[in-house]
Structures are given as C-alpha cells and as structure tokens.
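Chemist: Can you read through this structure? Questions will come right after.
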Amino acid sequence: MFEIIFLQFLNGLDKGAAYALIALGLTLVFGTLGVVNFAHGALFMLGAFCAVTVRMFLTMETVTIDPEKLSPWGAPLEVREPLVQAWLGDFGAVLVNYSVPLSILITIPIMLLVGIGLERGIIKHFYKRTHAEQILVTFGLAIVAQEVIKSVFGPNPIPQPMPTDLRGAADIGAWLGMQANVITYPVWRLIYFVFAGVVIGGVFAFLQFTTFGMVVRAGMADRETVGLLGINIDRRFTIMFGLAAVVAGMAGVMYTPLLPPNYHLGMDFLVLSFVVVVVGGMGSLPGAVAAGFLLGILQSFASMNQVKAIFPGIDQIIIYLVAVIILLVRPRGLMGRRGVMEA
Amino acid sequence: MTILKRGLSRRRVLQTGMAGIIGSGVAPLVFTKGAWAQEFCNNPTGDTVVFGLNLPLTGTYAEEGADEQKAYELAIAHLNGEGDGGLLNVLQPSALKGNGILGKKVTYVSSDSQTKSDVARAGATRMIERDGAIMITGGSSSGEAIAVQGLCQEMGVIFMAGLTHSNDTTGKDKRRYGFRHFFNAYQSGIGLAPVLGQSYGNDRQAYHLTADYTWGWTQEESIKNATEALGWKTTAAVKTPLGTTDYSQYLTPILNSGADVLILNHYGLDMVNSLTQAVQFGMRDRQANGKDFQIVTPLISELMAKGAGESVKGIFGTSNWHWNLQDPGSIAFTKSFGAAYGSPPSQAAHTAYVQALLYADAVERAGTFYPPEVIKALEGHEFDGMGNGKTLYRAEDHQCIKSVLVVQGNESPTSEFDVLNVVQEIDRDTVAYDPAIFGGDLGPAEPVPMCA
C-alpha cells in the first residue's frame, strides 16, 4: 500500500508542477498588470509549437527516387535522407535527438518578443477597462492564436519524441534502498518536475533578490507610489508580461513529449490553470504554486481505485469541487490579498 | 350519338380501361421497379448522386478519418470510371460498370464529426436535408456509428458504417438501414485469446484500461470473457474518458496492483497516448508474479502503430485488414491507394472504400436507389475479392462475417509503413457467432420514412 500511495503522491507532485508552472505566469500578469489574461493558455500552446517548428527544421529531408527499388504499391521507392545528419553527421543526430530541450533556447527570445508585443500592442489599452472586457479581448486573442496554429500546422496533434536516453522509467524504489521495480516513474516526468521547480524557483529568486524584482514587487503593492518616485513601472510591468510569456512557453516546450501538441492545447490548460490561480488567490505567486501542487496531489489520489470505488468519477471533478468550496468559504483564495475577488 | 358511337369503339374501351387502371394506382405496383420514384428520401432525379461522408477529421480518431476520406475519394473516382478501377476489377460477383451508379455520376459532400456523436448526427442531418445525400457513410467511433445509424433509420437513408468495432453496432443497437463491414469486439476476443494463451500462458492477471463509451465497454467485456475462458483473472477494469491525454493517474495504480498484463481498450490517439505512456512508466521492463509484464491492444491499426513508434513492438492485437495481405484484392487496393497518396491504406481506409463499393453494387443489382430494395440486395449477399476472403453480409444483423487478423507490432520494421505483422488469419467460420446473443431489433425497412 505504501508503494501505491508513494506513487500517487509522486504523480500528484508531477501534475502539480505542471499546473503550478502554467498558473504562475497567469497570476504574475494579474498581480502586476491587474489583467485577467485568458490568452495565457495560448502562450503555453505557442511555446509547444516552437518545439514543433524547431523539430520540423531539424528533421527536414531530401527525397530521391531509387528506380531499382519498389514501394509496397509498386512505384519507384522514395529514399529520404535527413538533411541535418547529412550536413553535421553524428552531431546532427544529437541535435535531432535533443530537439525538445534545445527548443527552449529558441523559445525564450520568441516568447519574450511575443509577450512584449502583445502587451504593448493590445493589452495595455485595456488596463483601465473592466475585468470582463479584459477577459473578452484576451479570450479573443487566444482564439486567433489557435486558429493561426491550426491553419499552419493542421488540426491534429504532432508527437514530439523525447531524447532516447531519457525514455523509460527510473527505479526510485531502488534509489531509496527498496526492492527493485516496485516504485518506478518515467524519467521525463521527473525531469519536468525538476524543470518546473527550477523555473518557479528562478522566478521567485528574480523577484526576491534583484533590484528589478524589488521594484516590481513594490509596484504590485502600490503602483502609484512607485510611479511618483520617478520609476517607469509600466516598462517593468511590460517586461514582466514578457517574462510570464516565456515561462508559459518553456512549460509548453517541455510538455510536448508528454502530450503531443495540437492547436487546442492552450484551451485545455487555460481552464485548469485559471482554477489553480483562483484557488491559490488571484495575483499571489506562492498561492498559485501551492494550489497547483495541492490540486495535482488531490487529483492523483482521487484517481486511486480504492477512492473511486467509494466516489465514482471523483477524479474527474475533484479540482472543480475544491474550487467551488474555496470560492464559497474563502473567495480570495488560499493566499489571496484581502479584498481581491471578495467584492 | 357521336360520342356513344366513338365510345363503343374497341380502342376507346382499351384507353378508358387503361386510364382507370393507372388512375387507381395499380400500374405502379405491377409494371415498373422504379415506380416508387419520389417516394423516398433524396431520390436522385438529375444525372448525379451524392454520398454523405461523415468523417472524424479532428479529435481522437482524426488520423483514421483523414485516411477514410482518401479512400472514399478513391472509391468515388473508381465508381465513376476514373483511375485504375481498384477493387472494381476483382469484386466477385459485381454489377458495377465504372459509369457511376445506375448511370449517374457519384459526387460527395463531407462533414467533420470531430469524433463526437452529437456532431456526427448533426452533420449527417445536414448532409441529408441540405445536400441531398442518398447514403451516409464514414465514422471511426462506435458512438458516432450508433448515433448516425439511428438517425438514418428515422430518415430512411442507408448508412454504410465506417470503422466501428462495438458489439452494439450490429447488436442491441442494430438498425435495418445500417450495415457494417468492419469486424467487432466479440470477434477480436475469439481471434486474439488463443494467441495470447499460447504466447503468455493461461495463468495471468489482467488489468483493463477502457475508453468510457459503447465501444470500450463491449471490447472490455468481450476480451474479459475470452481471456477468463483461458484461465486468466481480471484484477481490475478502469474506465478512462474518451480523449484523455495524460494517463499517468491511471497507470500508477497498475504498477503494484498484482496484474501482469495491461489490456488497453483504447483506439486512435487514446491508444497512442496510453501505450506510449505505459511504456514510459517502464511496464514492458517490469516483472510481476514472476513473469514478464505484457501489454495487449485488442484493436490496433497501422496508423496507431506508427504513432506509437517503438512502444508497439511485439504487442498483440487484432485488425480487420492489412495492406500486406497477398490476395488479389489487397494487392489491387494497396496499389491504387499507394499510387494516389504515397502511403499504404489503413484498415479504416479499406473498410470505407469497400463500403462505398458494396453500396454501389447493391444499387446496381437492385436496379434502383429505393432503400428497401437496396437493403434486400445487401442482406445475405455473399461476395469475394475485397481482401477479406469470402464475406457474407449477414441478413440477421447486417454484420459482415469474414476472416479476422491477429497482428503484432513489428520488432524489426523495414520501412516506416512496416509496423505490424500478420500473425494469424482466423477464418470466418471460427469468428462467426449466433446474432441472437447480442439481441437488438433491426426494425422495418418499410414504410420508408421521408427525410423532409
């Protein structure tokens, strides 16, 4: 039984890490700019498609016809040669194999530009509008983004293989001195968990230990006063929007081996991440992280057969059930500021 | 007087008598087969006839839908006398002439069912009411097939199901206007169980993950029955929502459940995701109960095997058809399809293509598009040459009875298409069963409902 509970807990941490990572950017934007950004899921999806694009370039092929060999349908055989391997040899093969993690290097500047462009081009015009109007415009942006992706990449998911060395499962039980093969967990999911921890830690450290972060935190607490001190807080908040886009994009890239991305990926995660933010407290960074892990772990335990035998279907509704209870009992969320969402 | 004189003439008596017979409505029933013109839904009056293709072009089964679309386009081209003729050349017996159907050129309209039953039904309604489809075909999910089949029965339009594998399609939900060429879950169980027993032994503990809709339920039931008859025990059977993407929460409980076999009652993208993730969880490297842990995918296709990549190697399943079969029909179809699209056809494409041809052939043999006559032409019809050996369209439940393939993921593929090996071809007598075991009622063919 210990093994089962441990595995479910591990699985909950893994799911929670994904939720927290996505919710982090969403709550960051709300906390700094006061904007409910329903396009955040689309940023996650755009990041995933950065990985798809990089792999497409890395796996381009030359096609030649071999007249001496026939295809199964009797036509001359098309021989496909990977271009990158032909140019770069073994190094090219390594690039293809590690295309997903390498995509992060490309994704960071792209998502930073997308985020800053989005904020300067559209979002800034809605700062003084109601939350309902902000939701409408950002939701509209999300739909535009997904339709653009659909028209370019098609409607179906595009699998992104993880590096061959990182496939399979790690024997965590053996690491802990237990019997072999009792507690095993996929290596890539462990990597995603560690990656999420590093990114979340990095964002917190950036806000906590840098002058830039200190100014942003001050701006989040009292925007007008910071402005009166002669600090261009709008510019910093624009950069924070870009940073949120980068976090969402990187989360999307690293998720692609776990879930082949399609144009709808953002919408699938938007609802979940929004629930996480609401449960954690709108604008609260620690709240988003705590709620992400809490909901991930709860969902994982709700999936246990022993639990479902008592509450059939509980795994499908547990997250929303918790959100309803939190909203009823503590409308500002677990760590939300007093007054936010309580009116 | 003049009138009286003329009226008494023999010619006048015959004319009046004939007019009376025609006027009383007797003649249409006596003299002509086509006399029910205008009395059924979308009776084609021009020089074209429209097929309604209901295809899952997005959603969990989108890959199958895309391949079905290619197959229908090819079938329509062949019916119209274009291309190399494909299976028109090998279908036995055949009334097809390659000049359309009853001399009318075949065209089509299509609708994306999104792998959702309600969308499939709405799409079929639109194609019947707005576009004048004479026949609806396609689909890659039994949920869709059953929903559309019921609609077609209500509207008096024949439905030639695409890929649907639930026992219910030609079982408890069978309809007079619905016909299925594809095999079913019960037949998968009959075909697969002996091979599993031979390969993995008769003392196994199976854990089922099952897509939570009609197909998954009947497949789980059929495979459970078949494997338990071998001596296997079922540790647990857990339902997963159709379209689930992350299976981790369903996979972790398996690891220490005592099971030594995982049976994935999933299809399409669900199967690709669950199988890939199960392998990521190290299940194929595990030992349980002193045996190597095994994964089984009772229904599998080339498209899924390709999507799952390395994960599918060595895994057993069943298929309706495989492009590498060496009978004249399979060779002809693979050649036509490959030349047109640059890849071999999937089993979804094959069943779609065959269904289009079988409908056209039935209309030609009936000599009319009138659905009750077409239904009669299909019921009990026996044919050969379509890649599955001698096949019977059974009258009692509209299920095609033909051979079934047991396949296995290829351990050493020679090309990107060489992903499955045919392990065994189970003959049609072995997989035949009493249609009464699944109940259901076909319902009437007449009076023919009017769609609008």
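We label chains A, B, ... in the order they appear in the structure tokens, count residues from 1 in each chain, and number ligands from 1 in the order shown.
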Report as a ChimeraX atom specification the set of chain B residues whose atoms approach chain A to within 8 Å, with distances computed over only C-alpha atoms.
Modeler: /B:58-59,62-63,238,245-246,248-250,252-253,255-256,273,277,279-282,286-287,307,324,331,334-339,344
Chemist: Leaving out B:Arg180 and any residue of its chain fewer than 5 positions from it, which residues lie within 9 Å of it when counting only C-alpha atoms, given as a PyMOL selection string?
Modeler: chain B and resi 159-164+169-170+351+355+393+398-400
Chemist: For C-alpha atoms, I'd like the residues from the last selection saved as a compact mmCIF listing (two decimals), in the first residue's frame.
Modeler:
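Resulting contents of again23.txt:
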# COMPACT_ATOMS: atom_id res chain seq x y z
CA PHE B 159 -25.88 4.10 -43.52
CA MET B 160 -22.75 2.18 -44.52
CA ALA B 161 -20.71 2.36 -41.31
CA GLY B 162 -17.00 3.11 -41.45
CA LEU B 163 -14.71 1.95 -38.66
CA THR B 164 -16.90 0.80 -35.76
CA THR B 169 -23.46 -1.52 -33.64
CA THR B 170 -24.83 -4.73 -35.10
CA THR B 351 -13.40 -0.63 -44.81
CA GLN B 355 -18.45 0.01 -48.02
CA TYR B 393 -23.35 -9.58 -45.26
CA HIS B 398 -26.16 -6.61 -41.07
CA GLN B 399 -22.73 -7.72 -39.83
CA CYS B 400 -20.13 -8.82 -42.37
Chemist: Step one, run DSSP on the backbone; step two, keep only residues of stretch 142-255 of chain A assigned to helix (DSSP H, G or I); then write them as a VMD selection string.
Modeler: chain A and resid 142 to 153 164 to 166 172 to 175 187 to 209 211 to 221 223 to 228 233 to 255
Chemist: Please identify which residues in stretch 38-283 of chain A DSSP calls strand (DSSP E or B) from the backbone, and express them as a PyMOL selection string.
Modeler: chain A and resi 61-70+76-82+169-171+184-186
Chemist: Keeping C-alpha atoms for every residue in the selection just given, could you write it to a file as a short mmCIF file (atom, residue, chain, number, x, y, z; two decimals), in the first residue's frame?
Modeler:
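File out32.cif, as written:
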data_model
loop_
_atom_site.label_atom_id
_atom_site.label_comp_id
_atom_site.auth_asym_id
_atom_site.auth_seq_id
_atom_site.Cartn_x
_atom_site.Cartn_y
_atom_site.Cartn_z
CA GLU A 61 14.75 15.55 -45.58
CA THR A 62 15.93 15.28 -49.13
CA VAL A 63 13.84 12.95 -51.27
CA THR A 64 15.41 11.00 -54.10
CA ILE A 65 13.89 8.28 -56.26
CA ASP A 66 15.56 4.88 -56.35
CA PRO A 67 14.36 3.34 -59.64
CA GLU A 68 15.72 -0.07 -58.68
CA LYS A 69 13.60 -0.47 -55.56
CA LEU A 70 9.83 -0.51 -55.42
CA PRO A 76 9.75 3.57 -57.58
CA LEU A 77 10.87 3.90 -53.97
CA GLU A 78 11.32 7.35 -52.45
CA VAL A 79 14.52 7.41 -50.43
CA ARG A 80 14.51 10.02 -47.70
CA GLU A 81 17.75 11.31 -46.21
CA PRO A 82 17.78 13.53 -43.13
CA ALA A 169 11.38 4.71 -16.13
CA ALA A 170 13.68 5.43 -13.21
CA ASP A 171 13.71 2.90 -10.40
CA THR A 184 9.30 3.29 -10.92
CA TYR A 185 8.49 6.59 -12.57
CA PRO A 186 9.09 7.95 -16.09
#
Chemist: Tell me which of B:Ser301, B:Thr234, B:Asn80, B:Thr214 sits closest to B:Tyr61, counting only C-alpha atoms.
Modeler: B:Ser301
Chemist: Could you name the residues that touch stretch 39-53 of chain B at 6 Å or less, counting only C-alpha atoms, but leaving out those on the same chain fewer than 3 positions away, as an MDAnalysis selection string?
Modeler: chainID B and resid 36 104:110 127 132:138 450:451
Chemist: Mind writing the picked residues with N, CA and C atoms as a PDB file, in the first residue's frame?
Modeler:
ATOM      1  N   TRP B  36     -41.662   3.647 -57.521  1.00  0.00           N
ATOM      2  CA  TRP B  36     -41.722   4.323 -56.232  1.00  0.00           C
ATOM      3  C   TRP B  36     -40.935   5.635 -56.264  1.00  0.00           C
ATOM      4  N   LYS B 104     -25.574   7.322 -63.109  1.00  0.00           N
ATOM      5  CA  LYS B 104     -25.429   8.660 -62.521  1.00  0.00           C
ATOM      6  C   LYS B 104     -24.033   8.813 -61.921  1.00  0.00           C
ATOM      7  N   LYS B 105     -23.419   9.955 -62.193  1.00  0.00           N
ATOM      8  CA  LYS B 105     -22.075  10.213 -61.672  1.00  0.00           C
ATOM      9  C   LYS B 105     -22.138  10.400 -60.151  1.00  0.00           C
ATOM     10  N   VAL B 106     -21.180   9.807 -59.450  1.00  0.00           N
ATOM     11  CA  VAL B 106     -21.171   9.914 -57.989  1.00  0.00           C
ATOM     12  C   VAL B 106     -20.394  11.164 -57.572  1.00  0.00           C
ATOM     13  N   THR B 107     -20.998  11.953 -56.695  1.00  0.00           N
ATOM     14  CA  THR B 107     -20.305  13.091 -56.087  1.00  0.00           C
ATOM     15  C   THR B 107     -20.410  12.910 -54.564  1.00  0.00           C
ATOM     16  N   TYR B 108     -19.791  13.797 -53.816  1.00  0.00           N
ATOM     17  CA  TYR B 108     -19.904  13.650 -52.363  1.00  0.00           C
ATOM     18  C   TYR B 108     -19.898  14.992 -51.653  1.00  0.00           C
ATOM     19  N   VAL B 109     -20.472  14.974 -50.467  1.00  0.00           N
ATOM     20  CA  VAL B 109     -20.313  16.089 -49.532  1.00  0.00           C
ATOM     21  C   VAL B 109     -19.714  15.477 -48.273  1.00  0.00           C
ATOM     22  N   SER B 110     -19.049  16.290 -47.465  1.00  0.00           N
ATOM     23  CA  SER B 110     -18.458  15.722 -46.254  1.00  0.00           C
ATOM     24  C   SER B 110     -18.682  16.635 -45.061  1.00  0.00           C
ATOM     25  N   MET B 127     -26.269  16.823 -44.123  1.00  0.00           N
ATOM     26  CA  MET B 127     -25.957  16.266 -45.452  1.00  0.00           C
ATOM     27  C   MET B 127     -27.193  15.629 -46.089  1.00  0.00           C
ATOM     28  N   GLY B 132     -28.809  16.623 -49.881  1.00  0.00           N
ATOM     29  CA  GLY B 132     -29.474  15.565 -50.639  1.00  0.00           C
ATOM     30  C   GLY B 132     -28.703  14.268 -50.715  1.00  0.00           C
ATOM     31  N   ALA B 133     -27.966  13.921 -49.635  1.00  0.00           N
ATOM     32  CA  ALA B 133     -27.184  12.674 -49.672  1.00  0.00           C
ATOM     33  C   ALA B 133     -28.108  11.459 -49.743  1.00  0.00           C
ATOM     34  N   ILE B 134     -27.810  10.562 -50.658  1.00  0.00           N
ATOM     35  CA  ILE B 134     -28.609   9.342 -50.817  1.00  0.00           C
ATOM     36  C   ILE B 134     -28.157   8.277 -49.828  1.00  0.00           C
ATOM     37  N   MET B 135     -26.901   8.370 -49.399  1.00  0.00           N
ATOM     38  CA  MET B 135     -26.347   7.380 -48.473  1.00  0.00           C
ATOM     39  C   MET B 135     -25.331   8.090 -47.583  1.00  0.00           C
ATOM     40  N   ILE B 136     -25.338   7.725 -46.298  1.00  0.00           N
ATOM     41  CA  ILE B 136     -24.349   8.293 -45.364  1.00  0.00           C
ATOM     42  C   ILE B 136     -23.345   7.195 -45.043  1.00  0.00           C
ATOM     43  N   THR B 137     -22.093   7.574 -44.987  1.00  0.00           N
ATOM     44  CA  THR B 137     -21.056   6.592 -44.670  1.00  0.00           C
ATOM     45  C   THR B 137     -19.916   7.276 -43.911  1.00  0.00           C
ATOM     46  N   GLY B 138     -19.075   6.455 -43.266  1.00  0.00           N
ATOM     47  CA  GLY B 138     -17.917   7.008 -42.566  1.00  0.00           C
ATOM     48  C   GLY B 138     -18.003   6.823 -41.072  1.00  0.00           C
ATOM     49  N   MET B 450     -39.768   9.557 -44.701  1.00  0.00           N
ATOM     50  CA  MET B 450     -39.380  10.658 -45.593  1.00  0.00           C
ATOM     51  C   MET B 450     -38.541  11.651 -44.801  1.00  0.00           C
ATOM     52  N   CYS B 451     -37.396  12.033 -45.369  1.00  0.00           N
ATOM     53  CA  CYS B 451     -36.471  12.867 -44.611  1.00  0.00           C
ATOM     54  C   CYS B 451     -36.901  14.328 -44.549  1.00  0.00           C
TER      55      CYS B 451
END
Chemist: Counting only C-alpha atoms, what is within 10 Å of A:Val203, bar same-chain residues fewer than 3 positions away, as a PyMOL selection string?
Modeler: chain A and resi 24-25+28+197-200+206-208+213+243-244+247+285
Chemist: Print the selection's residues with N, CA and C atoms to a file, as a CSV table (one decimal), in the first residue's frame.
Modeler:
chain,number,residue,atom,x,y,z
A,24,LEU,N,1.6,30.1,-12.7
A,24,LEU,CA,2.5,31.1,-12.2
A,24,LEU,C,2.5,32.3,-13.1
A,25,GLY,N,2.5,32.1,-14.4
A,25,GLY,CA,2.5,33.2,-15.4
A,25,GLY,C,1.2,34.0,-15.3
A,28,LEU,N,1.1,36.0,-12.2
A,28,LEU,CA,2.1,37.1,-12.3
A,28,LEU,C,1.5,38.3,-13.1
A,197,GLY,N,10.4,23.1,-10.9
A,197,GLY,CA,11.0,23.6,-9.7
A,197,GLY,C,12.0,24.7,-9.9
A,198,VAL,N,12.9,24.4,-10.9
A,198,VAL,CA,13.9,25.4,-11.2
A,198,VAL,C,13.3,26.7,-11.7
A,199,VAL,N,12.3,26.6,-12.6
A,199,VAL,CA,11.7,27.8,-13.2
A,199,VAL,C,11.0,28.6,-12.1
A,200,ILE,N,10.2,27.8,-11.4
A,200,ILE,CA,9.4,28.5,-10.3
A,200,ILE,C,10.4,29.2,-9.3
A,206,PHE,N,14.2,35.8,-8.8
A,206,PHE,CA,14.3,37.1,-9.6
A,206,PHE,C,13.6,38.2,-9.0
A,207,LEU,N,12.4,37.8,-8.5
A,207,LEU,CA,11.5,38.9,-7.8
A,207,LEU,C,12.1,39.2,-6.5
A,208,GLN,N,12.7,38.3,-5.8
A,208,GLN,CA,13.1,38.5,-4.4
A,208,GLN,C,14.5,39.1,-4.3
A,213,GLY,N,13.3,43.0,-9.5
A,213,GLY,CA,12.2,42.3,-8.8
A,213,GLY,C,11.7,43.1,-7.7
A,243,LEU,N,8.1,38.1,-19.4
A,243,LEU,CA,8.6,37.0,-18.6
A,243,LEU,C,7.5,35.9,-18.4
A,244,ALA,N,6.3,36.4,-18.1
A,244,ALA,CA,5.2,35.4,-18.0
A,244,ALA,C,5.0,34.6,-19.3
A,247,VAL,N,7.8,32.0,-19.4
A,247,VAL,CA,7.5,30.8,-18.5
A,247,VAL,C,6.5,29.9,-19.1
A,285,LEU,N,1.7,34.8,-6.1
A,285,LEU,CA,2.6,33.8,-6.6
A,285,LEU,C,2.7,32.5,-5.8
Chemist: Which of these, B:Leu230, B:Val407, B:Val296, B:Val148, has the shortest distance to B:Asp260 once you count only C-alpha atoms?
Modeler: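 Of the candidates, the smallest distance to B:Asp260 is held by B:Val296.
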Chemist: For the atom pair atom CA of A:Asp165 and atom CA of A:Leu46, what is the interatomic distance in Å to one decimal place?
Modeler: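 Computing the Euclidean distance for atom CA of A:Asp165 and atom CA of A:Leu46 yields 26.2 Å.
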